[in-house]
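Below is the file start_16.tsv, which contains TSV, C-alpha atoms.
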```tsv
chain	number	residue	atom	x	y	z
Z	1	MET	CA	118.40	101.20	61.13
Z	2	ARG	CA	114.73	100.96	62.08
Z	3	VAL	CA	115.27	97.53	63.60
Z	4	LEU	CA	118.28	98.80	65.56
Z	5	ALA	CA	116.31	101.83	66.76
Z	6	VAL	CA	113.47	99.63	68.03
Z	7	LEU	CA	115.88	97.26	69.75
Z	8	PHE	CA	117.65	100.20	71.37
Z	9	VAL	CA	114.37	101.60	72.74
Z	10	VAL	CA	113.31	98.19	74.03
Z	11	ALA	CA	116.72	97.60	75.65
Z	12	ALA	CA	116.66	101.08	77.25
Z	13	ALA	CA	113.16	100.50	78.65
Z	14	LEU	CA	114.10	97.10	80.05
Z	15	PHE	CA	117.31	98.51	81.54
Z	16	ALA	CA	115.33	101.30	83.23
Z	17	PHE	CA	112.87	98.72	84.58
Z	18	ALA	CA	115.74	96.63	85.97
Z	19	GLU	CA	117.29	99.70	87.61
Z	20	LEU	CA	113.98	100.62	89.23
Z	21	ALA	CA	113.46	97.07	90.45
Z	22	ASP	CA	116.98	96.98	91.90
Z	23	ALA	CA	116.45	100.31	93.67
Z	24	ILE	CA	113.21	99.07	95.20
Z	25	ILE	CA	114.72	95.81	96.39
Z	26	ALA	CA	117.68	97.67	97.92
Z	27	GLY	CA	115.40	100.24	99.54
Z	28	ASP	CA	116.99	103.14	97.68
Z	29	ALA	CA	113.72	104.31	96.11
Z	30	ARG	CA	111.92	105.06	99.37
Z	31	GLU	CA	113.05	108.69	99.65
Z	32	PHE	CA	112.08	109.52	96.07
Z	33	ASP	CA	108.75	107.70	96.32
Z	34	THR	CA	107.89	109.43	99.58
Z	35	ALA	CA	108.75	112.92	98.32
Z	36	VAL	CA	106.69	112.60	95.14
Z	37	LEU	CA	103.71	110.97	96.84
Z	38	LEU	CA	103.59	113.68	99.53
Z	39	ALA	CA	103.87	116.41	96.90
Z	40	PHE	CA	100.37	115.44	95.75
Z	41	ARG	CA	98.86	115.81	99.26
Z	42	ASN	CA	97.88	118.62	101.58
Z	43	PRO	CA	100.63	118.72	104.28
Z	44	ALA	CA	98.00	119.43	106.93
Z	45	ASP	CA	95.87	116.43	105.92
Z	46	LEU	CA	97.47	113.55	103.98
Z	47	ALA	CA	94.03	112.21	103.13
Z	48	ASP	CA	93.35	115.37	101.13
Z	49	PRO	CA	94.94	115.61	97.64
Z	50	ILE	CA	96.13	118.96	96.32
Z	51	GLY	CA	93.87	120.96	94.05
Z	52	PRO	CA	90.13	121.64	93.90
Z	53	PRO	CA	87.52	118.85	94.22
Z	54	TRP	CA	87.02	118.67	90.45
Z	55	LEU	CA	90.70	117.71	90.00
Z	56	GLU	CA	90.26	114.65	92.22
Z	57	ALA	CA	87.08	113.73	90.34
Z	58	MET	CA	88.91	114.13	87.04
Z	59	PHE	CA	91.73	111.81	88.08
Z	60	ARG	CA	89.21	109.25	89.34
Z	61	ASP	CA	87.70	109.20	85.86
Z	62	ILE	CA	91.09	109.16	84.12
Z	63	THR	CA	92.34	106.23	86.19
Z	64	SER	CA	89.43	104.12	84.94
Z	65	LEU	CA	90.93	104.40	81.44
Z	66	GLY	CA	93.58	101.94	82.64
Z	67	GLY	CA	91.13	99.55	84.28
Z	68	THR	CA	90.71	95.97	83.15
Z	69	VAL	CA	87.06	96.32	82.12
Z	70	LEU	CA	87.54	99.39	79.94
Z	71	LEU	CA	90.75	98.09	78.33
Z	72	THR	CA	89.04	94.78	77.58
Z	73	LEU	CA	86.06	96.54	75.98
Z	74	LEU	CA	88.42	98.74	73.96
Z	75	THR	CA	90.38	95.73	72.76
Z	76	ILE	CA	87.19	93.93	71.74
Z	77	THR	CA	85.95	97.03	69.91
Z	78	VAL	CA	89.18	97.53	67.97
Z	79	THR	CA	89.41	93.82	67.20
Z	80	GLY	CA	85.85	93.89	65.85
Z	81	TYR	CA	86.69	96.88	63.67
Z	82	LEU	CA	89.74	95.10	62.24
Z	83	LEU	CA	87.71	91.95	61.55
Z	84	ILE	CA	84.98	93.93	59.76
Z	85	ASP	CA	87.69	95.65	57.71
Z	86	GLY	CA	89.06	92.25	56.69
Z	87	LYS	CA	92.29	92.53	58.71
Z	88	ARG	CA	92.03	89.18	60.44
Z	89	ALA	CA	95.76	88.71	61.00
Z	90	THR	CA	96.10	92.17	62.54
Z	91	ALA	CA	93.11	91.47	64.80
Z	92	LEU	CA	94.74	88.26	66.00
Z	93	LEU	CA	97.97	90.12	66.65
Z	94	VAL	CA	96.11	92.68	68.78
Z	95	ILE	CA	94.58	89.95	70.92
Z	96	ALA	CA	97.91	88.15	71.34
Z	97	ALA	CA	99.81	91.34	72.18
Z	98	ILE	CA	97.37	92.68	74.78
Z	99	GLY	CA	96.51	89.26	76.22
Z	100	GLY	CA	100.19	88.37	76.55
Z	101	GLY	CA	100.90	91.72	78.16
Z	102	ASN	CA	98.27	91.04	80.82
Z	103	VAL	CA	99.94	87.75	81.67
Z	104	VAL	CA	103.37	89.40	81.92
Z	105	SER	CA	101.98	92.13	84.19
Z	106	ASP	CA	100.43	89.60	86.55
Z	107	LEU	CA	103.63	87.53	86.69
Z	108	LEU	CA	105.75	90.58	87.51
Z	109	LYS	CA	103.40	91.62	90.33
Z	110	ARG	CA	103.58	88.15	91.84
Z	111	ALA	CA	107.37	88.00	91.46
Z	112	PHE	CA	108.07	91.28	93.29
Z	113	GLY	CA	105.18	91.20	95.78
Z	114	ARG	CA	105.48	94.87	96.73
Z	115	PRO	CA	102.66	96.14	98.97
Z	116	ARG	CA	100.63	99.24	98.20
Z	117	PRO	CA	101.68	102.63	99.67
Z	118	ASP	CA	100.76	103.02	103.33
Z	119	LEU	CA	101.92	106.63	103.53
Z	120	VAL	CA	98.69	108.31	102.38
Z	121	ALA	CA	95.03	107.39	102.16
Z	122	HIS	CA	93.92	105.53	99.03
Z	123	LEU	CA	91.27	107.49	97.12
Z	124	VAL	CA	90.10	104.44	95.14
Z	125	ASP	CA	89.70	100.82	96.14
Z	126	VAL	CA	92.67	98.55	95.34
Z	127	ARG	CA	93.34	94.90	96.18
Z	128	SER	CA	96.30	93.71	94.11
Z	129	LEU	CA	100.06	94.13	94.61
Z	130	SER	CA	101.86	97.34	93.75
Z	131	PHE	CA	104.93	96.76	91.53
Z	132	PRO	CA	104.77	97.39	88.67
Z	133	SER	CA	101.62	99.45	88.33
Z	134	GLY	CA	99.12	97.34	86.41
Z	135	HIS	CA	97.21	100.41	85.23
Z	136	ALA	CA	100.39	102.08	83.94
Z	137	MET	CA	101.73	98.93	82.30
Z	138	LEU	CA	98.47	97.71	80.78
Z	139	SER	CA	97.48	101.15	79.52
Z	140	ALA	CA	100.93	101.45	77.90
Z	141	ILE	CA	100.58	97.99	76.36
Z	142	THR	CA	97.01	98.53	75.16
Z	143	TYR	CA	97.09	102.14	73.99
Z	144	LEU	CA	100.58	102.03	72.48
Z	145	THR	CA	99.95	98.68	70.78
Z	146	LEU	CA	96.58	99.79	69.39
Z	147	GLY	CA	97.97	103.19	68.46
Z	148	ALA	CA	100.90	101.67	66.57
Z	149	LEU	CA	98.83	99.00	64.84
Z	150	LEU	CA	96.04	101.39	63.88
Z	151	ALA	CA	98.63	103.89	62.64
Z	152	ARG	CA	99.97	101.06	60.47
Z	153	VAL	CA	96.55	100.73	58.90
Z	154	HIS	CA	96.60	104.35	57.70
Z	155	SER	CA	99.00	105.78	55.13
Z	156	ARG	CA	98.65	109.50	56.04
Z	157	ARG	CA	101.34	110.76	58.42
Z	158	ARG	CA	99.04	113.19	60.21
Z	159	ILE	CA	96.70	110.38	61.19
Z	160	LYS	CA	99.63	108.25	62.34
Z	161	ALA	CA	101.00	111.11	64.46
Z	162	TYR	CA	97.57	111.83	65.94
Z	163	LEU	CA	96.93	108.21	66.92
Z	164	LEU	CA	100.35	107.81	68.54
Z	165	THR	CA	100.06	111.16	70.37
Z	166	VAL	CA	96.69	110.18	71.83
Z	167	ALA	CA	98.07	106.78	72.85
Z	168	VAL	CA	101.10	108.25	74.62
Z	169	GLY	CA	99.11	111.05	76.26
Z	170	THR	CA	96.47	108.69	77.63
Z	171	THR	CA	99.14	106.33	78.97
Z	172	LEU	CA	100.90	109.17	80.81
Z	173	LEU	CA	97.68	110.51	82.32
Z	174	VAL	CA	96.64	107.10	83.63
Z	175	GLY	CA	100.02	106.64	85.32
Z	176	VAL	CA	99.94	110.08	86.95
Z	177	SER	CA	96.43	109.42	88.22
Z	178	ARG	CA	97.61	106.36	90.15
Z	179	VAL	CA	100.15	108.42	92.10
Z	180	TYR	CA	97.72	111.29	92.64
Z	181	LEU	CA	95.13	108.90	94.07
Z	182	GLY	CA	97.75	107.41	96.40
Z	183	VAL	CA	97.42	103.81	95.25
Z	184	HIS	CA	100.90	103.47	93.73
Z	185	TRP	CA	104.43	104.56	94.49
Z	186	PRO	CA	105.91	106.69	91.66
Z	187	THR	CA	108.48	103.97	90.91
Z	188	ASP	CA	105.61	101.50	90.38
Z	189	VAL	CA	104.26	103.74	87.64
Z	190	LEU	CA	107.67	104.39	86.06
Z	191	ALA	CA	108.36	100.66	85.96
Z	192	GLY	CA	104.91	100.00	84.48
Z	193	TRP	CA	105.53	102.52	81.73
Z	194	CYS	CA	108.94	100.98	80.95
Z	195	ALA	CA	107.67	97.40	80.82
Z	196	GLY	CA	104.55	98.34	78.87
Z	197	ALA	CA	106.45	100.44	76.33
Z	198	ALA	CA	109.00	97.66	75.79
Z	199	TRP	CA	106.24	95.10	75.20
Z	200	ALA	CA	104.34	97.41	72.82
Z	201	MET	CA	107.51	98.13	70.82
Z	202	LEU	CA	108.27	94.43	70.52
Z	203	CYS	CA	104.74	93.76	69.30
Z	204	TRP	CA	105.05	96.57	66.76
Z	205	ARG	CA	108.33	95.08	65.53
Z	206	VAL	CA	106.71	91.65	65.21
Z	207	ALA	CA	103.84	93.21	63.23
Z	208	LEU	CA	106.30	94.71	60.74
Z	209	TRP	CA	108.17	91.41	60.44
Z	210	LEU	CA	104.96	89.49	59.78
Z	211	GLN	CA	103.88	92.13	57.29
Z	212	ARG	CA	107.06	91.61	55.28
Z	213	ARG	CA	106.41	87.86	55.29
Z	214	GLY	CA	102.91	88.48	53.95
Z	215	GLN	CA	101.21	87.10	57.08
Z	216	VAL	CA	99.80	90.48	58.18
Z	217	GLU	CA	97.88	92.86	55.93
Z	218	PRO	CA	100.09	95.56	54.36
Z	219	GLU	CA	100.03	99.14	55.60
Z	220	GLY	CA	97.05	101.18	54.47
Z	221	ALA	CA	95.37	98.23	52.75
Z	222	SER	CA	91.84	97.06	53.52
Z	223	GLY	CA	91.41	93.32	53.69
Z	224	ALA	CA	87.71	93.71	52.96
Z	225	ASP	CA	88.44	95.72	49.79
Z	226	LYS	CA	91.00	93.19	48.65
Z	227	GLY	CA	88.51	90.38	49.14
Z	228	ALA	CA	85.83	92.28	47.19
Z	229	LYS	CA	88.21	92.88	44.28
Z	230	SER	CA	89.19	89.24	44.09
```

Do you think you could lay out the structure here as structure tokens?
Amino acid sequence: MRVLAVLFVVAAALFAFAELADAIIAGDAREFDTAVLLAFRNPADLADPIGPPWLEAMFRDITSLGGTVLLTLLTITVTGYLLIDGKRATALLVIAAIGGGNVVSDLLKRAFGRPRPDLVAHLVDVRSLSFPSGHAMLSAITYLTLGALLARVHSRRRIKAYLLTVAVGTTLLVGVSRVYLGVHWPTDVLAGWCAGAAWAMLCWRVALWLQRRGQVEPEGASGADKGAKS
């Protein structure tokens, strides 16, 4: 049942991504994208986002949580922690999952070639293509993958729930920040979430499969402790 549940979630996320892509290609998403993007701007001045100045500053900081530099540093930090704890196979899985996700994100951007929104002013500098949102997709891949794998390391349910809640919350905030700052259409972010969640779920499923085969450290076990005991 767990396998079927994971496959269902992955299939649903991929189906949603395909529907969004089809709507964009057909031009059916323009009205929705425009309405949501304008909802975040002052009608009298489209260069001015809604809310006080501190809200714009907050979203500028939040959006950096989905940037390549920070996600790379986070991945290196978590990988180092896993290596110190003796979980070498899990560390390798983290690198493969996040590295592979970056490649998939870049290939999708090149395949669709959607330009950035030209409806409102961009509040941060951007240079790449728009669909899917790299920040939304890569934050979903990184935070959900790390959250799931780190939750696997712990046996207490409260810790598992906390890690996964933080991962999901951070992913959602990063995506919203991209629309607020005017650098992505809402459908770019939705598609990024769908693709990133599907990839993270697949990686989590692979981790469980490898664990059963004895190629990944079991849940809640410390590789360093096991090595010391032996």

inquiry  = Taking 2 positions as the minimum chain separation for residues in the same chain, which residues sit within 12 Å of Z:Val104 when counting all atoms listed in the file? Answer as a list in words.
reply    =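 Non-adjacent residues within range: Ala96, Ala97, Ile98, Gly99, Gly100, Gly101, Asn102, Asp106, Leu107, Leu108, Lys109, Arg110, Ala111, Pro132, Gly134, Met137, Leu138, Ile141, Gly192, Ala195, Gly196, Ala198 and Trp199 of chain Z.
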
request  = Find the residues around Z:Leu129 up to 7 Å (all atoms listed in the file counted), leave out those fewer than 4 positions away in its own chain, and share them as number ranges by chain.
outcome  = Z: 109, 113-116

Only C-alpha atoms, please: the residues just picked out, written as a JSON list (two decimals), in the frame of the given file.
```json
[["chain", "number", "residue", "atom", "x", "y", "z"],
["Z", 109, "LYS", "CA", 103.40, 91.62, 90.33],
["Z", 113, "GLY", "CA", 105.18, 91.20, 95.78],
["Z", 114, "ARG", "CA", 105.48, 94.87, 96.73],
["Z", 115, "PRO", "CA", 102.66, 96.14, 98.97],
["Z", 116, "ARG", "CA", 100.63, 99.24, 98.20]]
```

message = So the first atom is atom CA of Z:Thr72 and the second is atom CA of Z:Lys160; what is the distance between them in Å, to one decimal place?
response =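 Value for the atom CA of Z:Thr72-atom CA of Z:Lys160 distance: 22.9 Å.
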
query = Quick one, how far is atom CA of Z:Ile24 from atom CA of Z:Gly175?
reply =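 That distance, rounded to one decimal, is 18.1 Å.
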
inquiry  = Restricting the calculation to all atoms listed in the file: of Z:Ala12, Z:Ile95, Z:Val126, Z:Leu7, which residue gets closest to Z:Cys194?
reply    = Z:Ala12

query = Of the candidates Z:Gly147, Z:Pro49, Z:Pro186, Z:Gly66, which one gets nearest to Z:Ala167 if we count only C-alpha atoms?
reply = Z:Gly147

Using all atoms listed in the file, determine which residues lie at most 12 Å from Z:Thr77, disregarding the query and same-chain residues fewer than 4 positions distant; provide the list as a PDB file with C-alpha atoms, in the coordinates of the input.
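To be explicit, this is the file written out as around18.pdb:
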```pdb
ATOM      1  CA  LEU Z  70      87.540  99.390  79.940  1.00  0.00           C
ATOM      2  CA  LEU Z  71      90.750  98.090  78.330  1.00  0.00           C
ATOM      3  CA  THR Z  72      89.040  94.780  77.580  1.00  0.00           C
ATOM      4  CA  LEU Z  73      86.060  96.540  75.980  1.00  0.00           C
ATOM      5  CA  TYR Z  81      86.690  96.880  63.670  1.00  0.00           C
ATOM      6  CA  LEU Z  82      89.740  95.100  62.240  1.00  0.00           C
ATOM      7  CA  LEU Z  83      87.710  91.950  61.550  1.00  0.00           C
ATOM      8  CA  ILE Z  84      84.980  93.930  59.760  1.00  0.00           C
ATOM      9  CA  ALA Z  91      93.110  91.470  64.800  1.00  0.00           C
ATOM     10  CA  VAL Z  94      96.110  92.680  68.780  1.00  0.00           C
ATOM     11  CA  ILE Z  95      94.580  89.950  70.920  1.00  0.00           C
ATOM     12  CA  LEU Z 146      96.580  99.790  69.390  1.00  0.00           C
TER      13      LEU Z 146
END
```

inquiry  = Given the point (110.3, 106.6, 97.8) in the coordinates of this file, which residues lie within 10 Å, counting only C-alpha atoms, and how would they look as a ChimeraX atom specification?
reply    = /Z:23-24,27-38,117,185-187

query = Rounded to one decimal in Å, what is the spacing between atom CA of Z:Asp48 and atom CA of Z:Val124?
reply =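 Those two atoms sit 12.9 Å apart.
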
request  = Rank Z:His135, Z:Ser105, Z:Ser177, Z:Val206 by their smallest atom-to-atom distance to Z:Ala148, using all atoms listed in the file, and report the top residue only.
outcome  =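 The shortest atom-to-atom distance to Z:Ala148 comes from Z:Val206.
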
request  = Have a look at Z:Leu150, Z:Phe8, Z:Ala21, Z:Ser139 and name the one nearest to Z:Val69; count all atoms listed in the file.
outcome  =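 Residue with the minimum atom-to-atom distance to Z:Val69: Z:Ser139.
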
request  = Measuring atom to atom with all atoms listed in the file, identify which of Z:Ile62, Z:Ala11, Z:Leu210, Z:Ile159 is nearest to Z:Ala197.
outcome  =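 Ranking Z:Ile62, Z:Ala11, Z:Leu210, Z:Ile159 by distance to Z:Ala197, first place goes to Z:Ala11.
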
request  = Can you work out which one of Z:Leu190, Z:Val78, Z:Leu144, Z:Ala39 has the shortest atom-to-atom distance to Z:Leu119, counting all atoms listed in the file?
outcome  = Z:Ala39

request  = Find the spatial neighbours of Z:Met201, counting all atoms listed in the file, within a cut-off of 8 Å - ignore same-chain residues fewer than 4 positions away - and output them as a list in words.
outcome  =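 Neighbouring residues, sequence-local ones excluded: Val6, Val9, Val10, Thr145, Ala197 and Arg205 of chain Z.
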